[in-house]
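Student: Below are the structure tokens for one structure; questions will follow.
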Amino acid sequence: MTEKILIVDDDVETLRLVGLMLQRQGYQIVAANNGAQAISMARAETPDLIILDVMMPDMDGYQVTTELRKDPQLADTPILMFTAKSQVDDKVAGYDAGVDDYLTKPVHPAELIAHLKALLSRTRARQPAKKPTPAAYTVGVVGCKGGLGSSTLSINLAASYAKLTKTDVIAIEIKPGQGTWASELGFTTTEGLNNLLNLKPDQITPAAVEKQLTNTPFGVRLLLTSNRSLDTDYATLGEKLHAVIQAASQLSNFVILDIGSPFIPGFDKICSLCKNILVITEPQQSTIKRTRILYDELRSVGAGMGRVINLILYNRVRSDVQLTSTQVSEMLGGTPITMMIPPAPELAYQVSLNNLPLINIQTDSLVAQQITQLARIIQTQIA
């Protein structure tokens with residue numbers, strides 16, 4: 001994996017030259033031009049090594065080093081002090097503050113690279129081999145079109161699974177510009193996903209996602225989405241959503257994605273990260289026909305390889321104007337229906353009044369029982 005180096009210097013030309021030289025050596029570069037920014041970026045980026053100047057306008061390099069060493073996450077990050085201050089007292093002050101190495105400007109590029117490699121090598125030697133963090137079991141909820149109830153099912157399934165298993169659950173509205181959870185559940189902030197989408201893909205780290213999660217009283221952490229479509233830059237959306245899901249999967253053992261519909265950039269890549277896909281449909285002929293197309297696509301492309309696809313029949317209209325479950329299954333080529341979710345208009349009305357998922361409002365209701373049963377089914381499907 002490419003090692004990341006943070007360069008801190010208030011001289012723009014030094015940042016440019018050193019950064020270019022290290023990029024040519026294959027390192028990933030991030031930069032800061034003052035002490036406060038250096039501390040902030042070090043915490044956000046968790047670099048493998050920091051090159052730090054001494055003389056800066058706000059905090060000097062010694063103060064920055066002292067602050068970084070107080071942070072458990074950065075206490076062992078190698079710091080190379082790279083400065084024009086060449087007196088013995090300056091070097092002693094640097095080592096006292098906690099730097100690992102000290103070089104004075106100007107220096108031959110080969111010498112700088114040699115010091116960097118030596119520091120990185122010693123750091124790798126000190127660290128025990130890390131076991132890879134297992135990715136979360138990710139469930140995606142999708143329908144052939146919008147308005148089929150993916151948001152309602154996603155949030156209630158997340159709450160039910162958290163209650164059933166007593167484990168940490170993250171639920172993500174992976175639909176920029178189409179967020180509904182915040183208004184329904186009474187949260188004032190809706191910018192979690194939007195803030196992440198303002199970053200570059202390589203900046204969307206688990207730590208960055210962690211900062212944007214919203215805690216709830218029903219045991220689920222939410223990544224909320226704005227309902228303002230004009231906030232969304234669709235040009236790079238697919239790559240960034242992919243990065244968000246990957247980062248979130250390192251923070252919890254169970255992640256639920258409210259995908260909504262296939263009409264989102266990077267849909268195939270999003271589904272490829274899901275180990276279980278819930279395909280929602282309704283007992284109407286036109287919807288069933290479109291659902292069969294979606295279902296067949298999910299089984300034939302990467303999203304269907306080695307993954308579970310569950311068909312969920314969401315019943316929200318009068319029984320005398322809809323297809324039966326048997327007819328739905330037949331129209332879908334004999335695909336079995338995993339679960340039927342009954343209508344619950346009264347509970348749906350109570351959601352915004354109580355700021356809770358509907359399964360938490362009336363736990364013994366039929367819809368709550370069905371969603372809890374679906375959570376149990378998914379639990380058994382986890383390998």
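Residues in the structure tokens are numbered from 1 in each chain, the chains being A, B, ... in the order shown, and ligands are numbered from 1 in the order shown.
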Any chance you could list, as a PyMOL selection string, the residues in region 55-152 of chain A that come up alpha helix (DSSP H) when DSSP is run on the backbone?

Tutor: chain A and resi 61-70+88-97+109-126+150-152

Student: Name the residues in contact with Pro217 (chain A) at a cut-off of 10 Å, using only C-alpha atoms, excluding same-chain residues fewer than 3 positions from it; report them as a PyMOL selection string.

Tutor: chain A and resi 159+220-221+355-356

Student: Nearest to Tyr314 (chain A): which of A:Leu196, A:Leu153, A:Leu273, A:Ile29 is it, counting only C-alpha atoms?

Tutor: A:Leu153

Student: Which residue is closest to Tyr62 (chain A)? Choose from A:Ile359, A:Ile259, A:Ala97, A:Leu22 and count only C-alpha atoms.

Tutor: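 Among the listed residues, A:Ala97 lies closest to Tyr62 (chain A).
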
Student: Residues at most 12 Å from Leu185 (chain A), counting only C-alpha atoms, excluding those fewer than 4 positions away in the same chain, as a list in words?

Tutor: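 Near neighbours after the sequence-gap exclusion: Thr152, Ile155, Asn156, Gly179, Thr180, Trp181, Thr189, Thr190, Thr214, Asn215, Thr216, Pro217, Phe218, Leu222, Leu224, Ala348, Tyr349, Gln350, Val351, Ser352, Leu353, Asn354, Asn355, Leu356, Pro357, Leu358 and Asn360 of chain A.
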
Student: With distances taken over only C-alpha atoms, which of A:Pro343, A:Gly143, A:Gly61, A:Gly149 is nearest to Ala93 (chain A)?

Tutor: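 Between A:Pro343, A:Gly143, A:Gly61, A:Gly149, the residue approaching Ala93 (chain A) most closely is A:Gly61.
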
Student: When distances are computed from only C-alpha atoms, which of A:Thr236, A:Ser300, A:Thr363, A:Thr380 shows the smallest separation from Asn198 (chain A)?

Tutor: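 When distances to Asn198 (chain A) are compared using only C-alpha atoms, the smallest one comes from A:Thr236.
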
Student: What does the structure give for the distance between CA of Val141 (chain A) and CA of Leu199 (chain A), in Å to one decimal?

Tutor: 25.3 Å

Student: Region 81-161 of chain A near region 38-57 of chain A within 12 Å: what's each residue's closest atom pair and its distance in Å to one decimal, counting only C-alpha atoms, ordered by chain then ascending residue number, as CSV?

Tutor:
residue,atom,partner,partner_atom,distance
A:Met81,CA,A:Leu52,CA,4.8
A:Phe82,CA,A:Asp53,CA,5.2
A:Thr83,CA,A:Asp53,CA,5.1
A:Ala84,CA,A:Val54,CA,8.2
A:Lys85,CA,A:Val54,CA,7.6
A:Ser86,CA,A:Val54,CA,10.8
A:Asp90,CA,A:Val54,CA,9.1
A:Lys91,CA,A:Val54,CA,10.3
A:Ala93,CA,A:Val54,CA,10.4
A:Gly94,CA,A:Val54,CA,8.6
A:Ala97,CA,A:Val54,CA,11.4
A:Gly98,CA,A:Leu52,CA,11.9
A:Val99,CA,A:Leu52,CA,9.1
A:Asp100,CA,A:Ile50,CA,10.0
A:Asp101,CA,A:Ile51,CA,9.6
A:Tyr102,CA,A:Leu52,CA,9.5
A:Leu103,CA,A:Ile51,CA,9.8
A:Thr104,CA,A:Asp53,CA,9.7
A:Lys105,CA,A:Asp53,CA,9.9
A:Leu112,CA,A:Ile51,CA,10.1
A:Ile113,CA,A:Ile51,CA,11.4
A:His115,CA,A:Ile51,CA,10.8
A:Leu116,CA,A:Leu49,CA,8.0
A:Lys117,CA,A:Leu49,CA,10.0
A:Ala118,CA,A:Leu49,CA,11.2
A:Leu119,CA,A:Leu49,CA,8.1
A:Leu120,CA,A:Leu49,CA,7.2
A:Ser121,CA,A:Asp48,CA,10.8
A:Arg122,CA,A:Leu49,CA,11.5
A:Thr123,CA,A:Asp48,CA,8.8
A:Arg124,CA,A:Asp48,CA,9.7

Student: Keeping C-alpha atoms, export the residues of the selection given above as an mmCIF file, in the first residue's frame.

Tutor:
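What ended up in result02.cif:
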data_model
loop_
_atom_site.group_PDB
_atom_site.id
_atom_site.type_symbol
_atom_site.label_atom_id
_atom_site.label_comp_id
_atom_site.auth_asym_id
_atom_site.auth_seq_id
_atom_site.Cartn_x
_atom_site.Cartn_y
_atom_site.Cartn_z
ATOM 1 C CA MET A 81 11.864 17.986 11.545
ATOM 2 C CA PHE A 82 13.065 19.691 8.374
ATOM 3 C CA THR A 83 14.190 23.262 8.994
ATOM 4 C CA ALA A 84 16.786 25.950 8.380
ATOM 5 C CA LYS A 85 17.476 26.177 12.133
ATOM 6 C CA SER A 86 20.779 24.381 12.496
ATOM 7 C CA ASP A 90 17.413 23.864 18.064
ATOM 8 C CA LYS A 91 18.036 20.180 17.462
ATOM 9 C CA ALA A 93 14.554 21.253 21.441
ATOM 10 C CA GLY A 94 13.214 19.206 18.544
ATOM 11 C CA ALA A 97 9.494 17.796 21.850
ATOM 12 C CA GLY A 98 9.341 14.270 20.412
ATOM 13 C CA VAL A 99 10.640 14.319 16.833
ATOM 14 C CA ASP A 100 12.310 11.170 15.519
ATOM 15 C CA ASP A 101 14.833 12.791 13.197
ATOM 16 C CA TYR A 102 16.198 16.264 12.402
ATOM 17 C CA LEU A 103 17.462 17.572 9.062
ATOM 18 C CA THR A 104 18.586 21.093 8.221
ATOM 19 C CA LYS A 105 17.881 22.896 4.956
ATOM 20 C CA LEU A 112 16.099 13.403 2.522
ATOM 21 C CA ILE A 113 14.759 10.241 0.871
ATOM 22 C CA HIS A 115 16.109 9.560 6.120
ATOM 23 C CA LEU A 116 12.463 9.040 5.205
ATOM 24 C CA LYS A 117 12.999 5.425 4.216
ATOM 25 C CA ALA A 118 14.946 4.737 7.401
ATOM 26 C CA LEU A 119 12.169 6.196 9.577
ATOM 27 C CA LEU A 120 9.439 4.308 7.754
ATOM 28 C CA SER A 121 11.432 1.079 7.895
ATOM 29 C CA ARG A 122 11.974 1.366 11.650
ATOM 30 C CA THR A 123 8.293 2.113 12.172
ATOM 31 C CA ARG A 124 7.225 -0.969 10.200
#

Student: Quick one: residues within 8 Å of Phe254 (chain A), only C-alpha atoms, excluding same-chain residues fewer than 5 positions away - as a ChimeraX atom specification?

Tutor: /A:136-139,168-170,249

Student: Using only C-alpha atoms, which residues sit within 10 Å of Gly266 (chain A) once same-chain residues fewer than 5 positions away are excluded, as a list of chain:residue names?

Tutor: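 After dropping sequence-adjacent residues, the list is A:Thr236, A:Leu237, A:Gly238, A:Glu239, A:Lys240, A:Leu241, A:His242, A:Cys271, A:Ser272.
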
Student: For the strand (DSSP E) assignment from backbone DSSP, which residues of region 45-220 of chain A qualify? Please present them as a PyMOL selection string.

Tutor: chain A and resi 49-52+79-83+101-104+137-143+169-173+220

Student: I need the chosen residues saved as a PDB file, in the first residue's frame, with N, CA and C atoms.

Tutor:
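After the write, part10.pdb holds the following:
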ATOM      1  N   LEU A  49       3.998   9.247   7.973  1.00  0.00           N
ATOM      2  CA  LEU A  49       5.167  10.037   8.392  1.00  0.00           C
ATOM      3  C   LEU A  49       4.837  11.509   8.192  1.00  0.00           C
ATOM      4  N   ILE A  50       5.434  12.364   9.048  1.00  0.00           N
ATOM      5  CA  ILE A  50       5.211  13.809   8.968  1.00  0.00           C
ATOM      6  C   ILE A  50       6.557  14.516   8.803  1.00  0.00           C
ATOM      7  N   ILE A  51       6.653  15.370   7.798  1.00  0.00           N
ATOM      8  CA  ILE A  51       7.815  16.253   7.619  1.00  0.00           C
ATOM      9  C   ILE A  51       7.392  17.632   8.118  1.00  0.00           C
ATOM     10  N   LEU A  52       8.107  18.163   9.096  1.00  0.00           N
ATOM     11  CA  LEU A  52       7.627  19.337   9.824  1.00  0.00           C
ATOM     12  C   LEU A  52       8.676  20.444   9.901  1.00  0.00           C
ATOM     13  N   ILE A  79       8.104  11.595  12.998  1.00  0.00           N
ATOM     14  CA  ILE A  79       8.163  13.012  12.619  1.00  0.00           C
ATOM     15  C   ILE A  79       9.606  13.374  12.273  1.00  0.00           C
ATOM     16  N   LEU A  80       9.791  13.873  11.075  1.00  0.00           N
ATOM     17  CA  LEU A  80      11.094  14.371  10.637  1.00  0.00           C
ATOM     18  C   LEU A  80      11.034  15.888  10.645  1.00  0.00           C
ATOM     19  N   MET A  81      11.816  16.526  11.521  1.00  0.00           N
ATOM     20  CA  MET A  81      11.864  17.986  11.545  1.00  0.00           C
ATOM     21  C   MET A  81      12.824  18.445  10.457  1.00  0.00           C
ATOM     22  N   PHE A  82      12.317  19.265   9.550  1.00  0.00           N
ATOM     23  CA  PHE A  82      13.065  19.691   8.374  1.00  0.00           C
ATOM     24  C   PHE A  82      13.055  21.215   8.347  1.00  0.00           C
ATOM     25  N   THR A  83      14.178  21.832   8.726  1.00  0.00           N
ATOM     26  CA  THR A  83      14.190  23.262   8.994  1.00  0.00           C
ATOM     27  C   THR A  83      15.548  23.890   8.689  1.00  0.00           C
ATOM     28  N   ASP A 101      13.637  12.487  13.984  1.00  0.00           N
ATOM     29  CA  ASP A 101      14.833  12.791  13.197  1.00  0.00           C
ATOM     30  C   ASP A 101      14.842  14.286  12.919  1.00  0.00           C
ATOM     31  N   TYR A 102      16.039  14.816  12.590  1.00  0.00           N
ATOM     32  CA  TYR A 102      16.198  16.264  12.402  1.00  0.00           C
ATOM     33  C   TYR A 102      17.128  16.491  11.221  1.00  0.00           C
ATOM     34  N   LEU A 103      16.655  17.224  10.227  1.00  0.00           N
ATOM     35  CA  LEU A 103      17.462  17.572   9.062  1.00  0.00           C
ATOM     36  C   LEU A 103      17.415  19.075   8.848  1.00  0.00           C
ATOM     37  N   THR A 104      18.547  19.658   8.477  1.00  0.00           N
ATOM     38  CA  THR A 104      18.586  21.093   8.221  1.00  0.00           C
ATOM     39  C   THR A 104      18.589  21.370   6.724  1.00  0.00           C
ATOM     40  N   TYR A 137     -21.160  -6.810   7.378  1.00  0.00           N
ATOM     41  CA  TYR A 137     -22.187  -7.460   6.570  1.00  0.00           C
ATOM     42  C   TYR A 137     -23.101  -6.337   6.105  1.00  0.00           C
ATOM     43  N   THR A 138     -23.083  -6.060   4.816  1.00  0.00           N
ATOM     44  CA  THR A 138     -23.791  -4.904   4.265  1.00  0.00           C
ATOM     45  C   THR A 138     -25.048  -5.341   3.538  1.00  0.00           C
ATOM     46  N   VAL A 139     -26.164  -4.720   3.908  1.00  0.00           N
ATOM     47  CA  VAL A 139     -27.457  -5.015   3.307  1.00  0.00           C
ATOM     48  C   VAL A 139     -27.919  -3.790   2.521  1.00  0.00           C
ATOM     49  N   GLY A 140     -28.244  -3.980   1.249  1.00  0.00           N
ATOM     50  CA  GLY A 140     -28.771  -2.899   0.433  1.00  0.00           C
ATOM     51  C   GLY A 140     -30.262  -3.083   0.210  1.00  0.00           C
ATOM     52  N   VAL A 141     -31.016  -1.989   0.286  1.00  0.00           N
ATOM     53  CA  VAL A 141     -32.462  -2.033   0.072  1.00  0.00           C
ATOM     54  C   VAL A 141     -32.778  -1.225  -1.176  1.00  0.00           C
ATOM     55  N   VAL A 142     -33.397  -1.876  -2.169  1.00  0.00           N
ATOM     56  CA  VAL A 142     -33.610  -1.229  -3.457  1.00  0.00           C
ATOM     57  C   VAL A 142     -34.926  -1.681  -4.072  1.00  0.00           C
ATOM     58  N   GLY A 143     -35.543  -0.808  -4.847  1.00  0.00           N
ATOM     59  CA  GLY A 143     -36.741  -1.150  -5.615  1.00  0.00           C
ATOM     60  C   GLY A 143     -36.540  -0.762  -7.059  1.00  0.00           C
ATOM     61  N   VAL A 169     -25.091  -0.969  14.738  1.00  0.00           N
ATOM     62  CA  VAL A 169     -25.628  -0.948  13.378  1.00  0.00           C
ATOM     63  C   VAL A 169     -25.497   0.463  12.817  1.00  0.00           C
ATOM     64  N   ILE A 170     -25.045   0.548  11.581  1.00  0.00           N
ATOM     65  CA  ILE A 170     -24.998   1.826  10.863  1.00  0.00           C
ATOM     66  C   ILE A 170     -25.986   1.761   9.710  1.00  0.00           C
ATOM     67  N   ALA A 171     -26.793   2.787   9.566  1.00  0.00           N
ATOM     68  CA  ALA A 171     -27.726   2.889   8.445  1.00  0.00           C
ATOM     69  C   ALA A 171     -27.416   4.152   7.659  1.00  0.00           C
ATOM     70  N   ILE A 172     -27.351   4.014   6.339  1.00  0.00           N
ATOM     71  CA  ILE A 172     -26.930   5.124   5.480  1.00  0.00           C
ATOM     72  C   ILE A 172     -27.993   5.407   4.425  1.00  0.00           C
ATOM     73  N   GLU A 173     -28.401   6.658   4.352  1.00  0.00           N
ATOM     74  CA  GLU A 173     -29.223   7.108   3.222  1.00  0.00           C
ATOM     75  C   GLU A 173     -28.270   7.375   2.064  1.00  0.00           C
ATOM     76  N   VAL A 220     -29.101   2.810  16.635  1.00  0.00           N
ATOM     77  CA  VAL A 220     -28.557   2.824  15.283  1.00  0.00           C
ATOM     78  C   VAL A 220     -27.845   4.143  15.044  1.00  0.00           C
TER      79      VAL A 220
END

Student: Do a neighbour search on Leu323 (chain A) at 8 Å with only C-alpha atoms, toss out local chain neighbours closer than 3 positions, and write the hits as number ranges by chain.

Tutor: A: 283-285, 319, 327-328

Student: Keeping only C-alpha atoms, take the residues you just selected and write them out as a PDB file, in the first residue's frame.

Tutor:
ATOM      1  CA  PRO A 283     -48.453  -6.184  -5.848  1.00  0.00           C
ATOM      2  CA  GLN A 284     -49.107  -4.176  -9.012  1.00  0.00           C
ATOM      3  CA  GLN A 285     -48.555  -5.567 -12.521  1.00  0.00           C
ATOM      4  CA  SER A 319     -56.419  -5.986  -1.132  1.00  0.00           C
ATOM      5  CA  GLN A 327     -49.482 -14.255  -8.546  1.00  0.00           C
ATOM      6  CA  VAL A 328     -46.502 -12.019  -7.736  1.00  0.00           C
TER       7      VAL A 328
END
